[in-house]
Amino acid sequence: MQVSSFQPPPRTLMGPGPADVHPRVTAALARPTIGHLDPAFSAMMEELKGLLRYALRTDNPLTMPVSAPGSAGMETCFVNLVEPGDKVIVCSNGVFGGRMRENVVRCGGEAVVVADDWGRAVDPQKLEDALKAHPDAKLVACVHAETSTGACSDVKTLVELAHRHDCLTIVDAVTALGGSPLEVDAWGIDAVYAGSQKCLSCTPGLAPVSFSERALAKVTSRSTPVQSWFLDLNLVLGYWQGNDGGSSKRSYHHTAPVNALYGLHEALVMLAEEGIEQSWERHHRNHLALRAGLETLGLELVVPEAERLPQLNAVAVPGGVDEAAVRARLLDTYDLEIGAGLGALAGKVWRIGLMGYSSRPENILLCLGALGSVLN
Ligand code: PLP
């Protein structure tokens, strides 16, 4: 068999994720692998947890990366917090709300879906109506930044409503973290999961999660065991927290992806150097620049202005344009990746991501120039 090393083509990633990875992160990934129970590695893990708390704006002791992609962060929240028979209200305004519903059903829970149009934020009034109609609901789940449409929901208000009706909350912050204001403690979010590959400028494959004391109390007082061995926080914590709650007694649970965690640590160090608020501002500033350029090209964003995400811009495909052919030409001619529409928006939009290290003026200029030349 003739084989050779894989050399990826040089791409600029301006789709829904992964985003461009910062060279400091790729350099960190290449550092020598050490044992995942090595005291030096444990010290790095403690620092990593602190950096994640900074990024998520939380003091939750249970804040750590799950060793798997964002979807595993989602499953970690649902399998630990939903017991068979539990009623869960799922706010769904795109692909990822739909996946939350799937998770509830697979956990043996009863999902009550509050549906909103794709391309719109979740309507708090609809959630309030559902909470009144289902006083036995135990949880409310929603997506902060719906990557499939570019809509940003008002998580602060949704969480407030859920708490008023005595429900815990699960928030998907996979695309939000680092790109949009997210205040886990100030908003009272009970369980949140994110992803490494979007606004953190890191490689895919890790899912930061954070659980409040109230959420953790629910996990530790379950009457049924968590059906996933790998994602059962009661077991994972033996590794990430140590059984005594400290780092001194870490025990083997699974072999942590050592080098991937170096990468996430580096990405979070960079985020702390920039400042989380400055990162939100950069994403917003670059979104405005992209929007101005798109308007000059005669292109329109589909999400109403007040509900737009800065890091994911859904652009209406002009009539008569073959959207797939445009994406193919951008990739072939300019090594530029933008995303297609999904589900209800398939064929109707392009999704232009400005996430993390991809959210830079030079990327905006490349994208606008390339789009302009392909469309004219
Ligand atoms: N939730 C949202 C909002 C996402 O955008 C994604 C991925 O794009 C996921 C969950 C799933 O993350 P992953 O693809 O890393 O499993």
# chains A, B, ... in the order shown; residues from 1 in each chain; ligands from 1
$ closest_atom_pairs --of "chain A" --to "ligand 1" --cutoff "8 Å" --atoms "only C-alpha atoms and all ligand atoms" --output "JSON lines"
{"residue": "A:Pro16", "atom": "CA", "partner": "ligand 1", "partner_atom_place_in_ligand_line": "8 (O)", "distance": 6.5}
{"residue": "A:Gly17", "atom": "CA", "partner": "ligand 1", "partner_atom_place_in_ligand_line": "8 (O)", "distance": 6.2}
{"residue": "A:Pro18", "atom": "CA", "partner": "ligand 1", "partner_atom_place_in_ligand_line": "8 (O)", "distance": 7.9}
{"residue": "A:Ala68", "atom": "CA", "partner": "ligand 1", "partner_atom_place_in_ligand_line": "16 (O)", "distance": 7.7}
{"residue": "A:Pro69", "atom": "CA", "partner": "ligand 1", "partner_atom_place_in_ligand_line": "15 (O)", "distance": 4.0}
{"residue": "A:Gly70", "atom": "CA", "partner": "ligand 1", "partner_atom_place_in_ligand_line": "12 (O)", "distance": 3.5}
{"residue": "A:Ser71", "atom": "CA", "partner": "ligand 1", "partner_atom_place_in_ligand_line": "16 (O)", "distance": 3.6}
{"residue": "A:Ala72", "atom": "CA", "partner": "ligand 1", "partner_atom_place_in_ligand_line": "16 (O)", "distance": 6.4}
{"residue": "A:Gly73", "atom": "CA", "partner": "ligand 1", "partner_atom_place_in_ligand_line": "16 (O)", "distance": 7.8}
{"residue": "A:Met74", "atom": "CA", "partner": "ligand 1", "partner_atom_place_in_ligand_line": "10 (C)", "distance": 6.8}
{"residue": "A:Phe96", "atom": "CA", "partner": "ligand 1", "partner_atom_place_in_ligand_line": "1 (N)", "distance": 5.3}
{"residue": "A:Val143", "atom": "CA", "partner": "ligand 1", "partner_atom_place_in_ligand_line": "3 (C)", "distance": 6.3}
{"residue": "A:His144", "atom": "CA", "partner": "ligand 1", "partner_atom_place_in_ligand_line": "3 (C)", "distance": 7.5}
{"residue": "A:Ala145", "atom": "CA", "partner": "ligand 1", "partner_atom_place_in_ligand_line": "3 (C)", "distance": 5.9}
{"residue": "A:Glu146", "atom": "CA", "partner": "ligand 1", "partner_atom_place_in_ligand_line": "3 (C)", "distance": 5.0}
{"residue": "A:Thr147", "atom": "CA", "partner": "ligand 1", "partner_atom_place_in_ligand_line": "5 (O)", "distance": 4.5}
{"residue": "A:Ser148", "atom": "CA", "partner": "ligand 1", "partner_atom_place_in_ligand_line": "5 (O)", "distance": 6.9}
{"residue": "A:Asp172", "atom": "CA", "partner": "ligand 1", "partner_atom_place_in_ligand_line": "1 (N)", "distance": 5.9}
{"residue": "A:Ala173", "atom": "CA", "partner": "ligand 1", "partner_atom_place_in_ligand_line": "3 (C)", "distance": 6.5}
{"residue": "A:Val174", "atom": "CA", "partner": "ligand 1", "partner_atom_place_in_ligand_line": "2 (C)", "distance": 4.9}
{"residue": "A:Thr175", "atom": "CA", "partner": "ligand 1", "partner_atom_place_in_ligand_line": "5 (O)", "distance": 5.3}
{"residue": "A:Ala176", "atom": "CA", "partner": "ligand 1", "partner_atom_place_in_ligand_line": "3 (C)", "distance": 7.8}
{"residue": "A:Ala194", "atom": "CA", "partner": "ligand 1", "partner_atom_place_in_ligand_line": "1 (N)", "distance": 7.5}
{"residue": "A:Gly195", "atom": "CA", "partner": "ligand 1", "partner_atom_place_in_ligand_line": "15 (O)", "distance": 5.6}
{"residue": "A:Ser196", "atom": "CA", "partner": "ligand 1", "partner_atom_place_in_ligand_line": "15 (O)", "distance": 7.5}
{"residue": "A:Gln197", "atom": "CA", "partner": "ligand 1", "partner_atom_place_in_ligand_line": "15 (O)", "distance": 7.0}
{"residue": "A:Pro204", "atom": "CA", "partner": "ligand 1", "partner_atom_place_in_ligand_line": "15 (O)", "distance": 6.2}
{"residue": "A:Gly205", "atom": "CA", "partner": "ligand 1", "partner_atom_place_in_ligand_line": "15 (O)", "distance": 6.2}
{"residue": "A:Leu206", "atom": "CA", "partner": "ligand 1", "partner_atom_place_in_ligand_line": "15 (O)", "distance": 7.3}
{"residue": "A:Ala207", "atom": "CA", "partner": "ligand 1", "partner_atom_place_in_ligand_line": "15 (O)", "distance": 7.2}
$ write_last_selection --atoms "C-alpha atoms" --output "PDB file, in the first residue's frame"
ATOM      1  CA  PRO A  16     -20.289  27.516  11.117  1.00  0.00           C
ATOM      2  CA  GLY A  17     -17.215  25.872  12.665  1.00  0.00           C
ATOM      3  CA  PRO A  18     -14.581  24.749  13.110  1.00  0.00           C
ATOM      4  CA  ALA A  68     -15.383  14.869  23.426  1.00  0.00           C
ATOM      5  CA  PRO A  69     -17.080  17.367  21.080  1.00  0.00           C
ATOM      6  CA  GLY A  70     -19.896  19.824  21.824  1.00  0.00           C
ATOM      7  CA  SER A  71     -22.519  17.111  21.311  1.00  0.00           C
ATOM      8  CA  ALA A  72     -21.021  15.251  24.269  1.00  0.00           C
ATOM      9  CA  GLY A  73     -21.308  18.418  26.332  1.00  0.00           C
ATOM     10  CA  MET A  74     -24.988  18.457  25.383  1.00  0.00           C
ATOM     11  CA  PHE A  96     -29.710  22.294  17.916  1.00  0.00           C
ATOM     12  CA  VAL A 143     -29.752  27.386  22.718  1.00  0.00           C
ATOM     13  CA  HIS A 144     -28.022  30.716  23.232  1.00  0.00           C
ATOM     14  CA  ALA A 145     -26.440  31.031  19.781  1.00  0.00           C
ATOM     15  CA  GLU A 146     -28.344  28.932  17.192  1.00  0.00           C
ATOM     16  CA  THR A 147     -25.570  28.142  14.716  1.00  0.00           C
ATOM     17  CA  SER A 148     -28.001  26.777  12.149  1.00  0.00           C
ATOM     18  CA  ASP A 172     -26.238  25.465  24.803  1.00  0.00           C
ATOM     19  CA  ALA A 173     -23.353  27.929  24.514  1.00  0.00           C
ATOM     20  CA  VAL A 174     -21.330  26.022  21.907  1.00  0.00           C
ATOM     21  CA  THR A 175     -21.188  28.942  19.481  1.00  0.00           C
ATOM     22  CA  ALA A 176     -21.821  31.649  22.081  1.00  0.00           C
ATOM     23  CA  ALA A 194     -19.831  24.824  24.998  1.00  0.00           C
ATOM     24  CA  GLY A 195     -17.395  23.769  22.283  1.00  0.00           C
ATOM     25  CA  SER A 196     -13.689  24.324  21.733  1.00  0.00           C
ATOM     26  CA  GLN A 197     -13.848  24.863  17.964  1.00  0.00           C
ATOM     27  CA  PRO A 204     -12.639  20.632  17.706  1.00  0.00           C
ATOM     28  CA  GLY A 205     -13.140  17.826  20.173  1.00  0.00           C
ATOM     29  CA  LEU A 206     -13.589  19.305  23.656  1.00  0.00           C
ATOM     30  CA  ALA A 207     -16.760  20.492  25.386  1.00  0.00           C
TER      31      ALA A 207
END
$ select_by_dssp --residues "region 57-212 of chain A" --states "helix (DSSP H, G or I)" --output "NGL selection string"
:A and (70-81 or 95-106 or 124-133 or 155-164 or 184-187)
$ write_last_selection --atoms "C-alpha atoms" --output "mmCIF file, in the first residue's frame"
data_model
loop_
_atom_site.group_PDB
_atom_site.id
_atom_site.type_symbol
_atom_site.label_atom_id
_atom_site.label_comp_id
_atom_site.auth_asym_id
_atom_site.auth_seq_id
_atom_site.Cartn_x
_atom_site.Cartn_y
_atom_site.Cartn_z
ATOM 1 C CA GLY A 70 -19.896 19.824 21.824
ATOM 2 C CA SER A 71 -22.519 17.111 21.311
ATOM 3 C CA ALA A 72 -21.021 15.251 24.269
ATOM 4 C CA GLY A 73 -21.308 18.418 26.332
ATOM 5 C CA MET A 74 -24.988 18.457 25.383
ATOM 6 C CA GLU A 75 -25.380 14.810 26.364
ATOM 7 C CA THR A 76 -23.509 15.362 29.632
ATOM 8 C CA CYS A 77 -26.104 17.945 30.637
ATOM 9 C CA PHE A 78 -29.118 15.884 29.605
ATOM 10 C CA VAL A 79 -28.076 12.420 30.790
ATOM 11 C CA ASN A 80 -27.119 13.757 34.210
ATOM 12 C CA LEU A 81 -30.094 16.077 34.758
ATOM 13 C CA VAL A 95 -31.211 22.323 14.448
ATOM 14 C CA PHE A 96 -29.710 22.294 17.916
ATOM 15 C CA GLY A 97 -32.994 22.824 19.764
ATOM 16 C CA GLY A 98 -34.180 19.765 17.828
ATOM 17 C CA ARG A 99 -31.201 17.781 19.085
ATOM 18 C CA MET A 100 -31.990 18.820 22.661
ATOM 19 C CA ARG A 101 -35.461 17.355 22.245
ATOM 20 C CA GLU A 102 -33.897 14.098 20.986
ATOM 21 C CA ASN A 103 -31.700 13.995 24.067
ATOM 22 C CA VAL A 104 -34.672 14.385 26.408
ATOM 23 C CA VAL A 105 -36.560 11.569 24.692
ATOM 24 C CA ARG A 106 -33.540 9.264 24.740
ATOM 25 C CA PRO A 124 -40.022 34.435 26.034
ATOM 26 C CA GLN A 125 -43.821 34.768 26.025
ATOM 27 C CA LYS A 126 -44.176 31.316 24.471
ATOM 28 C CA LEU A 127 -41.902 29.876 27.140
ATOM 29 C CA GLU A 128 -43.930 31.544 29.878
ATOM 30 C CA ASP A 129 -47.150 30.108 28.414
ATOM 31 C CA ALA A 130 -45.603 26.633 28.319
ATOM 32 C CA LEU A 131 -44.381 26.946 31.923
ATOM 33 C CA LYS A 132 -47.901 27.876 33.028
ATOM 34 C CA ALA A 133 -49.426 25.028 31.030
ATOM 35 C CA VAL A 155 -30.956 33.587 27.763
ATOM 36 C CA LYS A 156 -31.073 35.891 30.794
ATOM 37 C CA THR A 157 -34.855 36.315 30.434
ATOM 38 C CA LEU A 158 -35.477 32.643 29.586
ATOM 39 C CA VAL A 159 -33.549 31.498 32.680
ATOM 40 C CA GLU A 160 -35.378 34.008 34.883
ATOM 41 C CA LEU A 161 -38.727 32.672 33.671
ATOM 42 C CA ALA A 162 -37.657 29.069 34.232
ATOM 43 C CA HIS A 163 -36.554 29.821 37.794
ATOM 44 C CA ARG A 164 -39.800 31.628 38.557
ATOM 45 C CA VAL A 184 -23.403 31.983 33.766
ATOM 46 C CA ASP A 185 -23.599 33.179 37.394
ATOM 47 C CA ALA A 186 -25.274 36.555 36.929
ATOM 48 C CA TRP A 187 -27.994 34.958 34.792
#
$ closest_residue --among "A:Thr33, A:Thr149, A:Thr58, A:Thr169" --to "Arg214 (chain A)" --atoms "only C-alpha atoms"
A:Thr169
$ residues_around --residues "Leu139 (chain A)" --least-positions-apart "4" --cutoff "8 Å" --atoms "only C-alpha atoms" --output "list in words"
Lys87, Val88, Ile89, Ala162, Cys167, Leu168, Thr169 and Ile170 of chain A
$ select_by_dssp --residues "region 254-336 of chain A" --states "strand (DSSP E)" --output "number ranges by chain"
A: 312-316, 336
$ closest_residue --among "A:Gly298, A:Gly178, A:Gly343, A:Gly293" --to "Leu368 (chain A)" --atoms "only C-alpha atoms"
A:Gly293
$ residues_around --residues "Arg222 (chain A)" --least-positions-apart "5" --cutoff "12 Å" --atoms "only C-alpha atoms" --output "ChimeraX atom specification"
/A:79-84,86,215-217,227,232-234
$ atom_distance --atom1 "CA of Asp322 (chain A)" --atom2 "CA of Gly94 (chain A)"
23.3 Å
$ closest_residue --among "A:Lys49, A:Ser153, A:Ala340, A:Pro65" --to "Cys91 (chain A)" --atoms "only C-alpha atoms"
A:Ser153
$ residues_around --residues "region 360-367 of chain A" --least-positions-apart "4" --cutoff "9 Å" --atoms "only C-alpha atoms" --output "ChimeraX atom specification"
/A:12-14,282-283,286-287,289-290,293,330,334,336,338,352,354-356,371-372
$ residues_around --residues "Ala256 (chain A)" --least-positions-apart "6" --cutoff "10 Å" --atoms "only C-alpha atoms" --output "ChimeraX atom specification"
/A:35-37,66-68,239-240
$ write_last_selection --atoms "N, CA and C atoms" --output "PDB file, in the first residue's frame"
ATOM      1  N   GLY A  35       1.996  12.078  31.135  1.00  0.00           N
ATOM      2  CA  GLY A  35       0.937  11.231  31.703  1.00  0.00           C
ATOM      3  C   GLY A  35      -0.245  12.071  32.166  1.00  0.00           C
ATOM      4  N   HIS A  36      -1.439  11.522  32.029  1.00  0.00           N
ATOM      5  CA  HIS A  36      -2.622  12.325  32.388  1.00  0.00           C
ATOM      6  C   HIS A  36      -2.861  12.361  33.893  1.00  0.00           C
ATOM      7  N   LEU A  37      -2.031  11.608  34.646  1.00  0.00           N
ATOM      8  CA  LEU A  37      -2.098  11.726  36.115  1.00  0.00           C
ATOM      9  C   LEU A  37      -0.809  12.362  36.658  1.00  0.00           C
ATOM     10  N   VAL A  66     -15.381  18.362  28.911  1.00  0.00           N
ATOM     11  CA  VAL A  66     -15.654  16.953  28.634  1.00  0.00           C
ATOM     12  C   VAL A  66     -14.736  16.545  27.482  1.00  0.00           C
ATOM     13  N   SER A  67     -14.195  15.320  27.562  1.00  0.00           N
ATOM     14  CA  SER A  67     -13.232  14.858  26.554  1.00  0.00           C
ATOM     15  C   SER A  67     -13.937  14.368  25.295  1.00  0.00           C
ATOM     16  N   ALA A  68     -14.632  15.224  24.634  1.00  0.00           N
ATOM     17  CA  ALA A  68     -15.383  14.869  23.426  1.00  0.00           C
ATOM     18  C   ALA A  68     -16.030  16.154  22.898  1.00  0.00           C
ATOM     19  N   TYR A 239     -12.037  12.082  38.439  1.00  0.00           N
ATOM     20  CA  TYR A 239     -10.827  12.463  37.712  1.00  0.00           C
ATOM     21  C   TYR A 239     -10.621  13.968  37.719  1.00  0.00           C
ATOM     22  N   TRP A 240     -11.673  14.724  37.369  1.00  0.00           N
ATOM     23  CA  TRP A 240     -11.482  16.165  37.219  1.00  0.00           C
ATOM     24  C   TRP A 240     -11.437  16.908  38.545  1.00  0.00           C
TER      25      TRP A 240
END
$ atom_distance --atom1 "CA of Ala28 (chain A)" --atom2 "CA of Ile276 (chain A)"
20.9 Å
$ residues_around --residues "Leu51 (chain A)" --least-positions-apart "4" --cutoff "7 Å" --atoms "only C-alpha atoms" --output "PyMOL selection string"
chain A and resi 47+55+268
$ write_last_selection --atoms "N, CA and C atoms" --output "compact mmCIF listing (two decimals), in the first residue's frame"
# COMPACT_ATOMS: atom_id res chain seq x y z
N GLU A 47 -5.49 24.95 36.41
CA GLU A 47 -5.44 26.27 35.77
C GLU A 47 -6.51 26.36 34.67
N ALA A 55 -13.89 32.45 31.49
CA ALA A 55 -14.56 32.62 30.18
C ALA A 55 -16.08 32.52 30.32
N LEU A 268 -7.48 29.42 25.97
CA LEU A 268 -8.09 30.16 27.08
C LEU A 268 -7.13 31.19 27.67
$ atom_distance --atom1 "CA of Lys218 (chain A)" --atom2 "CA of Leu56 (chain A)"
21.2 Å
$ closest_residue --among "A:Asp117, A:Glu213, A:Asp20, A:Asp136" --to "Asp59 (chain A)" --atoms "only C-alpha atoms"
A:Glu213
